[in-house]
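Asks: Following this message is one structure expressed as structure tokens.
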Amino acid sequence: MLVVSTRAAAEVYTDRTGPVIVGWLRERGFTTPDPVVVADADVADALAWLLAQHPDVLLTTGGTGVSPDDRTPEATVALLDAELPGIVEEVRRRGAAVVPSAILSRGVAGVAGRTFVMNLPGSSGGVRDGLGVLDGVLEHLLDQLSGGGHVEA
């Protein structure tokens, strides 16, 4: 779990999204350390380091907007073997139903090796929307990554 926020890394404010994501993962049986918090400029190195640990799931929050230092999607795409655009499209769709600016999120989702990687927005609402989308597909996605078959409808 990676929090990408220059202000949180500098302790200007306390990130509230990382603990929510970690709690959500732990509720689903994942062994998850506390969030790693990095400045936007350090996102590429942090993602590479975390992926080298070979987690099943790597979720990020923050750095997905259009601010000049938001580079989480670019750093993530560089490490992916395959993108899963439908997941983040659904997150944006759900968010836009409540907050029109949700369509500005540039987050991506995909697979790096056998790790599912997804960028969540830095807002609590965006995190809630993202986790809501994942709740319906994460187990199946991880089963597929480990070589499982397709589930009958």
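Starting from 1 in every chain, residues are counted up; chains themselves are A, B, ... following the order of the structure tokens, and ligands are numbered from 1 as listed.
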Taking only residues of range 34-78 of chain A that have an atom at most 9 Å from an atom of range 110-127 of chain A, what is each one's shortest atom pair and its distance in Å to one decimal, using only C-alpha atoms, in chain and number order, as a tab-separated table?
Replies:
```
residue	atom	partner	partner_atom	distance
A:Leu51	CA	A:Thr115	CA	7.5
A:His54	CA	A:Thr115	CA	6.6
A:Pro55	CA	A:Thr115	CA	5.9
A:Asp56	CA	A:Thr115	CA	4.7
A:Val57	CA	A:Phe116	CA	4.8
A:Leu58	CA	A:Val117	CA	4.8
A:Leu59	CA	A:Met118	CA	5.0
A:Thr60	CA	A:Asn119	CA	4.7
A:Thr61	CA	A:Leu120	CA	4.6
A:Gly62	CA	A:Gly122	CA	3.8
A:Gly63	CA	A:Gly122	CA	7.0
A:Thr64	CA	A:Pro121	CA	5.9
A:Gly65	CA	A:Pro121	CA	7.7
A:Thr72	CA	A:Asn119	CA	7.3
A:Pro73	CA	A:Asn119	CA	7.0
A:Thr76	CA	A:Val117	CA	7.9
A:Val77	CA	A:Gly110	CA	8.1
```
Asks: Please produce an output containing N, CA, C and O atoms for each residue in the selection, written as a PDB file, in the first residue's frame.
Replies:
```
ATOM      1  N   LEU A  51       7.087  -3.543  -5.717  1.00  0.00           N
ATOM      2  CA  LEU A  51       6.844  -4.669  -6.630  1.00  0.00           C
ATOM      3  C   LEU A  51       7.919  -5.740  -6.502  1.00  0.00           C
ATOM      4  O   LEU A  51       7.636  -6.927  -6.699  1.00  0.00           O
ATOM      5  N   HIS A  54       7.107  -8.716  -4.472  1.00  0.00           N
ATOM      6  CA  HIS A  54       6.153  -9.663  -5.072  1.00  0.00           C
ATOM      7  C   HIS A  54       4.844  -9.800  -4.286  1.00  0.00           C
ATOM      8  O   HIS A  54       4.408 -10.909  -3.987  1.00  0.00           O
ATOM      9  N   PRO A  55       4.183  -8.678  -3.991  1.00  0.00           N
ATOM     10  CA  PRO A  55       2.882  -8.788  -3.306  1.00  0.00           C
ATOM     11  C   PRO A  55       1.821  -9.293  -4.287  1.00  0.00           C
ATOM     12  O   PRO A  55       1.988  -9.200  -5.505  1.00  0.00           O
ATOM     13  N   ASP A  56       0.733  -9.810  -3.752  1.00  0.00           N
ATOM     14  CA  ASP A  56      -0.395 -10.186  -4.600  1.00  0.00           C
ATOM     15  C   ASP A  56      -1.100  -8.937  -5.120  1.00  0.00           C
ATOM     16  O   ASP A  56      -1.576  -8.909  -6.252  1.00  0.00           O
ATOM     17  N   VAL A  57      -1.185  -7.929  -4.252  1.00  0.00           N
ATOM     18  CA  VAL A  57      -1.892  -6.688  -4.572  1.00  0.00           C
ATOM     19  C   VAL A  57      -1.031  -5.507  -4.142  1.00  0.00           C
ATOM     20  O   VAL A  57      -0.468  -5.515  -3.050  1.00  0.00           O
ATOM     21  N   LEU A  58      -0.955  -4.501  -5.003  1.00  0.00           N
ATOM     22  CA  LEU A  58      -0.284  -3.250  -4.664  1.00  0.00           C
ATOM     23  C   LEU A  58      -1.231  -2.109  -5.034  1.00  0.00           C
ATOM     24  O   LEU A  58      -1.486  -1.866  -6.212  1.00  0.00           O
ATOM     25  N   LEU A  59      -1.784  -1.464  -4.023  1.00  0.00           N
ATOM     26  CA  LEU A  59      -2.680  -0.340  -4.239  1.00  0.00           C
ATOM     27  C   LEU A  59      -1.953   0.946  -3.881  1.00  0.00           C
ATOM     28  O   LEU A  59      -1.201   0.990  -2.910  1.00  0.00           O
ATOM     29  N   THR A  60      -2.207   1.980  -4.685  1.00  0.00           N
ATOM     30  CA  THR A  60      -1.663   3.298  -4.392  1.00  0.00           C
ATOM     31  C   THR A  60      -2.822   4.260  -4.204  1.00  0.00           C
ATOM     32  O   THR A  60      -3.927   4.022  -4.698  1.00  0.00           O
ATOM     33  N   THR A  61      -2.556   5.349  -3.519  1.00  0.00           N
ATOM     34  CA  THR A  61      -3.528   6.428  -3.395  1.00  0.00           C
ATOM     35  C   THR A  61      -2.781   7.737  -3.566  1.00  0.00           C
ATOM     36  O   THR A  61      -1.699   7.927  -3.011  1.00  0.00           O
ATOM     37  N   GLY A  62      -3.333   8.611  -4.396  1.00  0.00           N
ATOM     38  CA  GLY A  62      -2.732   9.914  -4.618  1.00  0.00           C
ATOM     39  C   GLY A  62      -1.895   9.988  -5.876  1.00  0.00           C
ATOM     40  O   GLY A  62      -1.493   8.974  -6.444  1.00  0.00           O
ATOM     41  N   GLY A  63      -1.685  11.219  -6.327  1.00  0.00           N
ATOM     42  CA  GLY A  63      -0.838  11.459  -7.489  1.00  0.00           C
ATOM     43  C   GLY A  63      -1.465  11.113  -8.820  1.00  0.00           C
ATOM     44  O   GLY A  63      -0.762  10.923  -9.811  1.00  0.00           O
ATOM     45  N   THR A  64      -2.807  11.033  -8.860  1.00  0.00           N
ATOM     46  CA  THR A  64      -3.472  10.619 -10.095  1.00  0.00           C
ATOM     47  C   THR A  64      -4.152  11.766 -10.828  1.00  0.00           C
ATOM     48  O   THR A  64      -4.789  11.544 -11.861  1.00  0.00           O
ATOM     49  N   GLY A  65      -4.040  12.973 -10.312  1.00  0.00           N
ATOM     50  CA  GLY A  65      -4.728  14.110 -10.912  1.00  0.00           C
ATOM     51  C   GLY A  65      -3.929  14.757 -12.027  1.00  0.00           C
ATOM     52  O   GLY A  65      -3.086  14.121 -12.665  1.00  0.00           O
ATOM     53  N   THR A  72       1.857   9.423 -10.657  1.00  0.00           N
ATOM     54  CA  THR A  72       1.620   8.028 -10.286  1.00  0.00           C
ATOM     55  C   THR A  72       1.214   7.168 -11.474  1.00  0.00           C
ATOM     56  O   THR A  72       1.758   6.064 -11.637  1.00  0.00           O
ATOM     57  N   PRO A  73       0.299   7.609 -12.342  1.00  0.00           N
ATOM     58  CA  PRO A  73      -0.069   6.746 -13.474  1.00  0.00           C
ATOM     59  C   PRO A  73       1.113   6.435 -14.402  1.00  0.00           C
ATOM     60  O   PRO A  73       1.285   5.287 -14.832  1.00  0.00           O
ATOM     61  N   THR A  76       3.368   3.928 -12.839  1.00  0.00           N
ATOM     62  CA  THR A  76       2.727   2.615 -12.777  1.00  0.00           C
ATOM     63  C   THR A  76       2.727   1.936 -14.137  1.00  0.00           C
ATOM     64  O   THR A  76       3.116   0.768 -14.262  1.00  0.00           O
ATOM     65  N   VAL A  77       2.311   2.645 -15.168  1.00  0.00           N
ATOM     66  CA  VAL A  77       2.246   2.066 -16.517  1.00  0.00           C
ATOM     67  C   VAL A  77       3.596   1.517 -16.941  1.00  0.00           C
ATOM     68  O   VAL A  77       3.678   0.472 -17.593  1.00  0.00           O
TER      69      VAL A  77
END
```
Asks: Just the strand (DSSP E) stuff from chain A, please, per backbone DSSP, written as a short mmCIF file (atom, residue, chain, number, x, y, z; two decimals) with N, CA and C atoms, in the first residue's frame.
Replies:
```cif
data_model
loop_
_atom_site.label_atom_id
_atom_site.label_comp_id
_atom_site.auth_asym_id
_atom_site.auth_seq_id
_atom_site.Cartn_x
_atom_site.Cartn_y
_atom_site.Cartn_z
N LEU A 2 0.74 2.03 -1.02
CA LEU A 2 1.60 3.19 -1.21
C LEU A 2 0.76 4.47 -1.24
N VAL A 3 1.08 5.40 -0.36
CA VAL A 3 0.46 6.72 -0.36
C VAL A 3 1.42 7.67 -1.06
N VAL A 4 0.94 8.32 -2.11
CA VAL A 4 1.77 9.25 -2.87
C VAL A 4 1.26 10.66 -2.58
N VAL A 36 3.14 2.82 3.09
CA VAL A 36 4.39 3.53 2.80
C VAL A 36 3.97 4.88 2.24
N VAL A 37 4.53 5.97 2.77
CA VAL A 37 4.17 7.31 2.32
C VAL A 37 5.40 7.93 1.66
N VAL A 38 5.23 8.37 0.40
CA VAL A 38 6.33 8.99 -0.32
C VAL A 38 5.87 10.28 -0.99
N VAL A 57 -1.18 -7.93 -4.25
CA VAL A 57 -1.89 -6.69 -4.57
C VAL A 57 -1.03 -5.51 -4.14
N LEU A 58 -0.96 -4.50 -5.00
CA LEU A 58 -0.28 -3.25 -4.66
C LEU A 58 -1.23 -2.11 -5.03
N LEU A 59 -1.78 -1.46 -4.02
CA LEU A 59 -2.68 -0.34 -4.24
C LEU A 59 -1.95 0.95 -3.88
N THR A 60 -2.21 1.98 -4.68
CA THR A 60 -1.66 3.30 -4.39
C THR A 60 -2.82 4.26 -4.20
N THR A 61 -2.56 5.35 -3.52
CA THR A 61 -3.53 6.43 -3.39
C THR A 61 -2.78 7.74 -3.57
N ALA A 82 0.31 -5.75 -18.34
CA ALA A 82 -1.00 -5.65 -18.97
C ALA A 82 -1.85 -4.67 -18.18
N GLU A 83 -2.59 -3.83 -18.90
CA GLU A 83 -3.51 -2.90 -18.25
C GLU A 83 -4.90 -3.51 -18.16
N ALA A 109 -4.94 0.64 -13.73
CA ALA A 109 -4.91 -0.66 -13.05
C ALA A 109 -4.34 -1.66 -14.03
N GLY A 110 -3.67 -2.65 -13.48
CA GLY A 110 -3.11 -3.67 -14.36
C GLY A 110 -2.34 -4.72 -13.58
N VAL A 111 -1.56 -5.47 -14.34
CA VAL A 111 -0.82 -6.59 -13.79
C VAL A 111 0.66 -6.40 -14.06
N ALA A 112 1.47 -6.57 -13.03
CA ALA A 112 2.93 -6.55 -13.15
C ALA A 112 3.41 -7.89 -12.61
N THR A 115 1.36 -9.62 -9.81
CA THR A 115 0.83 -8.63 -8.87
C THR A 115 -0.22 -7.76 -9.55
N PHE A 116 -1.36 -7.62 -8.90
CA PHE A 116 -2.37 -6.67 -9.36
C PHE A 116 -2.01 -5.32 -8.78
N VAL A 117 -1.95 -4.29 -9.64
CA VAL A 117 -1.59 -2.94 -9.24
C VAL A 117 -2.72 -2.00 -9.64
N MET A 118 -3.09 -1.12 -8.72
CA MET A 118 -4.14 -0.15 -9.03
C MET A 118 -3.87 1.17 -8.33
N ASN A 119 -4.07 2.25 -9.08
CA ASN A 119 -3.97 3.60 -8.52
C ASN A 119 -5.36 4.07 -8.12
N LEU A 120 -5.51 4.42 -6.87
CA LEU A 120 -6.74 5.03 -6.38
C LEU A 120 -6.51 6.53 -6.22
#
```
Asks: Could you pull out the alpha helix (DSSP H) residues of range 20-80 of chain A, going by DSSP on the backbone, and write them as a PyMOL selection string?
Replies: chain A and resi 20-27+43-51+72-77
Asks: Store the residues picked out above, limited to N, CA and C atoms, as a PDB file, in the first residue's frame.
Replies:
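In the end it all went to again-v3.pdb:
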```pdb
ATOM      1  N   VAL A  20      -7.284   3.422   5.598  1.00  0.00           N
ATOM      2  CA  VAL A  20      -8.563   2.846   5.160  1.00  0.00           C
ATOM      3  C   VAL A  20      -8.310   1.678   4.206  1.00  0.00           C
ATOM      4  N   ILE A  21      -7.384   1.880   3.274  1.00  0.00           N
ATOM      5  CA  ILE A  21      -7.077   0.830   2.294  1.00  0.00           C
ATOM      6  C   ILE A  21      -6.429  -0.366   2.984  1.00  0.00           C
ATOM      7  N   VAL A  22      -5.491  -0.122   3.875  1.00  0.00           N
ATOM      8  CA  VAL A  22      -4.850  -1.213   4.601  1.00  0.00           C
ATOM      9  C   VAL A  22      -5.890  -1.992   5.409  1.00  0.00           C
ATOM     10  N   GLY A  23      -6.775  -1.288   6.082  1.00  0.00           N
ATOM     11  CA  GLY A  23      -7.830  -1.960   6.850  1.00  0.00           C
ATOM     12  C   GLY A  23      -8.713  -2.808   5.955  1.00  0.00           C
ATOM     13  N   TRP A  24      -9.062  -2.295   4.808  1.00  0.00           N
ATOM     14  CA  TRP A  24      -9.902  -3.029   3.845  1.00  0.00           C
ATOM     15  C   TRP A  24      -9.192  -4.311   3.392  1.00  0.00           C
ATOM     16  N   LEU A  25      -7.911  -4.196   3.086  1.00  0.00           N
ATOM     17  CA  LEU A  25      -7.146  -5.381   2.672  1.00  0.00           C
ATOM     18  C   LEU A  25      -7.050  -6.402   3.807  1.00  0.00           C
ATOM     19  N   ARG A  26      -6.770  -5.937   5.000  1.00  0.00           N
ATOM     20  CA  ARG A  26      -6.653  -6.854   6.145  1.00  0.00           C
ATOM     21  C   ARG A  26      -7.978  -7.553   6.431  1.00  0.00           C
ATOM     22  N   GLU A  27      -9.094  -6.845   6.284  1.00  0.00           N
ATOM     23  CA  GLU A  27     -10.410  -7.465   6.479  1.00  0.00           C
ATOM     24  C   GLU A  27     -10.630  -8.623   5.511  1.00  0.00           C
ATOM     25  N   VAL A  43       7.681   8.452  -6.449  1.00  0.00           N
ATOM     26  CA  VAL A  43       6.719   7.383  -6.693  1.00  0.00           C
ATOM     27  C   VAL A  43       7.303   6.246  -7.534  1.00  0.00           C
ATOM     28  N   ALA A  44       8.074   6.537  -8.551  1.00  0.00           N
ATOM     29  CA  ALA A  44       8.605   5.473  -9.424  1.00  0.00           C
ATOM     30  C   ALA A  44       9.508   4.519  -8.639  1.00  0.00           C
ATOM     31  N   ASP A  45      10.422   5.069  -7.856  1.00  0.00           N
ATOM     32  CA  ASP A  45      11.319   4.220  -7.064  1.00  0.00           C
ATOM     33  C   ASP A  45      10.546   3.409  -6.033  1.00  0.00           C
ATOM     34  N   ALA A  46       9.565   4.035  -5.393  1.00  0.00           N
ATOM     35  CA  ALA A  46       8.779   3.330  -4.375  1.00  0.00           C
ATOM     36  C   ALA A  46       7.972   2.191  -4.996  1.00  0.00           C
ATOM     37  N   LEU A  47       7.353   2.430  -6.140  1.00  0.00           N
ATOM     38  CA  LEU A  47       6.602   1.366  -6.819  1.00  0.00           C
ATOM     39  C   LEU A  47       7.507   0.198  -7.192  1.00  0.00           C
ATOM     40  N   ALA A  48       8.669   0.495  -7.752  1.00  0.00           N
ATOM     41  CA  ALA A  48       9.602  -0.569  -8.140  1.00  0.00           C
ATOM     42  C   ALA A  48      10.052  -1.366  -6.922  1.00  0.00           C
ATOM     43  N   TRP A  49      10.338  -0.679  -5.829  1.00  0.00           N
ATOM     44  CA  TRP A  49      10.768  -1.364  -4.604  1.00  0.00           C
ATOM     45  C   TRP A  49       9.662  -2.260  -4.059  1.00  0.00           C
ATOM     46  N   LEU A  50       8.453  -1.745  -4.021  1.00  0.00           N
ATOM     47  CA  LEU A  50       7.339  -2.537  -3.505  1.00  0.00           C
ATOM     48  C   LEU A  50       7.029  -3.729  -4.414  1.00  0.00           C
ATOM     49  N   LEU A  51       7.087  -3.543  -5.717  1.00  0.00           N
ATOM     50  CA  LEU A  51       6.844  -4.669  -6.630  1.00  0.00           C
ATOM     51  C   LEU A  51       7.919  -5.740  -6.502  1.00  0.00           C
ATOM     52  N   THR A  72       1.857   9.423 -10.657  1.00  0.00           N
ATOM     53  CA  THR A  72       1.620   8.028 -10.286  1.00  0.00           C
ATOM     54  C   THR A  72       1.214   7.168 -11.474  1.00  0.00           C
ATOM     55  N   PRO A  73       0.299   7.609 -12.342  1.00  0.00           N
ATOM     56  CA  PRO A  73      -0.069   6.746 -13.474  1.00  0.00           C
ATOM     57  C   PRO A  73       1.113   6.435 -14.402  1.00  0.00           C
ATOM     58  N   GLU A  74       1.925   7.436 -14.697  1.00  0.00           N
ATOM     59  CA  GLU A  74       3.068   7.205 -15.583  1.00  0.00           C
ATOM     60  C   GLU A  74       4.054   6.213 -14.974  1.00  0.00           C
ATOM     61  N   ALA A  75       4.322   6.370 -13.681  1.00  0.00           N
ATOM     62  CA  ALA A  75       5.240   5.453 -13.005  1.00  0.00           C
ATOM     63  C   ALA A  75       4.669   4.042 -12.970  1.00  0.00           C
ATOM     64  N   THR A  76       3.368   3.928 -12.839  1.00  0.00           N
ATOM     65  CA  THR A  76       2.727   2.615 -12.777  1.00  0.00           C
ATOM     66  C   THR A  76       2.727   1.936 -14.137  1.00  0.00           C
ATOM     67  N   VAL A  77       2.311   2.645 -15.168  1.00  0.00           N
ATOM     68  CA  VAL A  77       2.246   2.066 -16.517  1.00  0.00           C
ATOM     69  C   VAL A  77       3.596   1.517 -16.941  1.00  0.00           C
TER      70      VAL A  77
END
```
Asks: Considering only C-alpha atoms, can you say which of A:Val137, A:Asp129, A:Asp40, A:Leu104 comes closest to Leu84 in chain A?
Replies: A:Val137
Asks: Would you mind reading off the distance between CA of Ala39 in chain A and CA of Ala52 in chain A, one decimal, in Å?
Replies: 19.4 Å
Asks: State, in Å with one decimal place, the distance from CA of Glu139 in chain A to CA of Pro100 in chain A.
Replies: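 Separating CA of Glu139 in chain A from CA of Pro100 in chain A is a distance of 29.6 Å.
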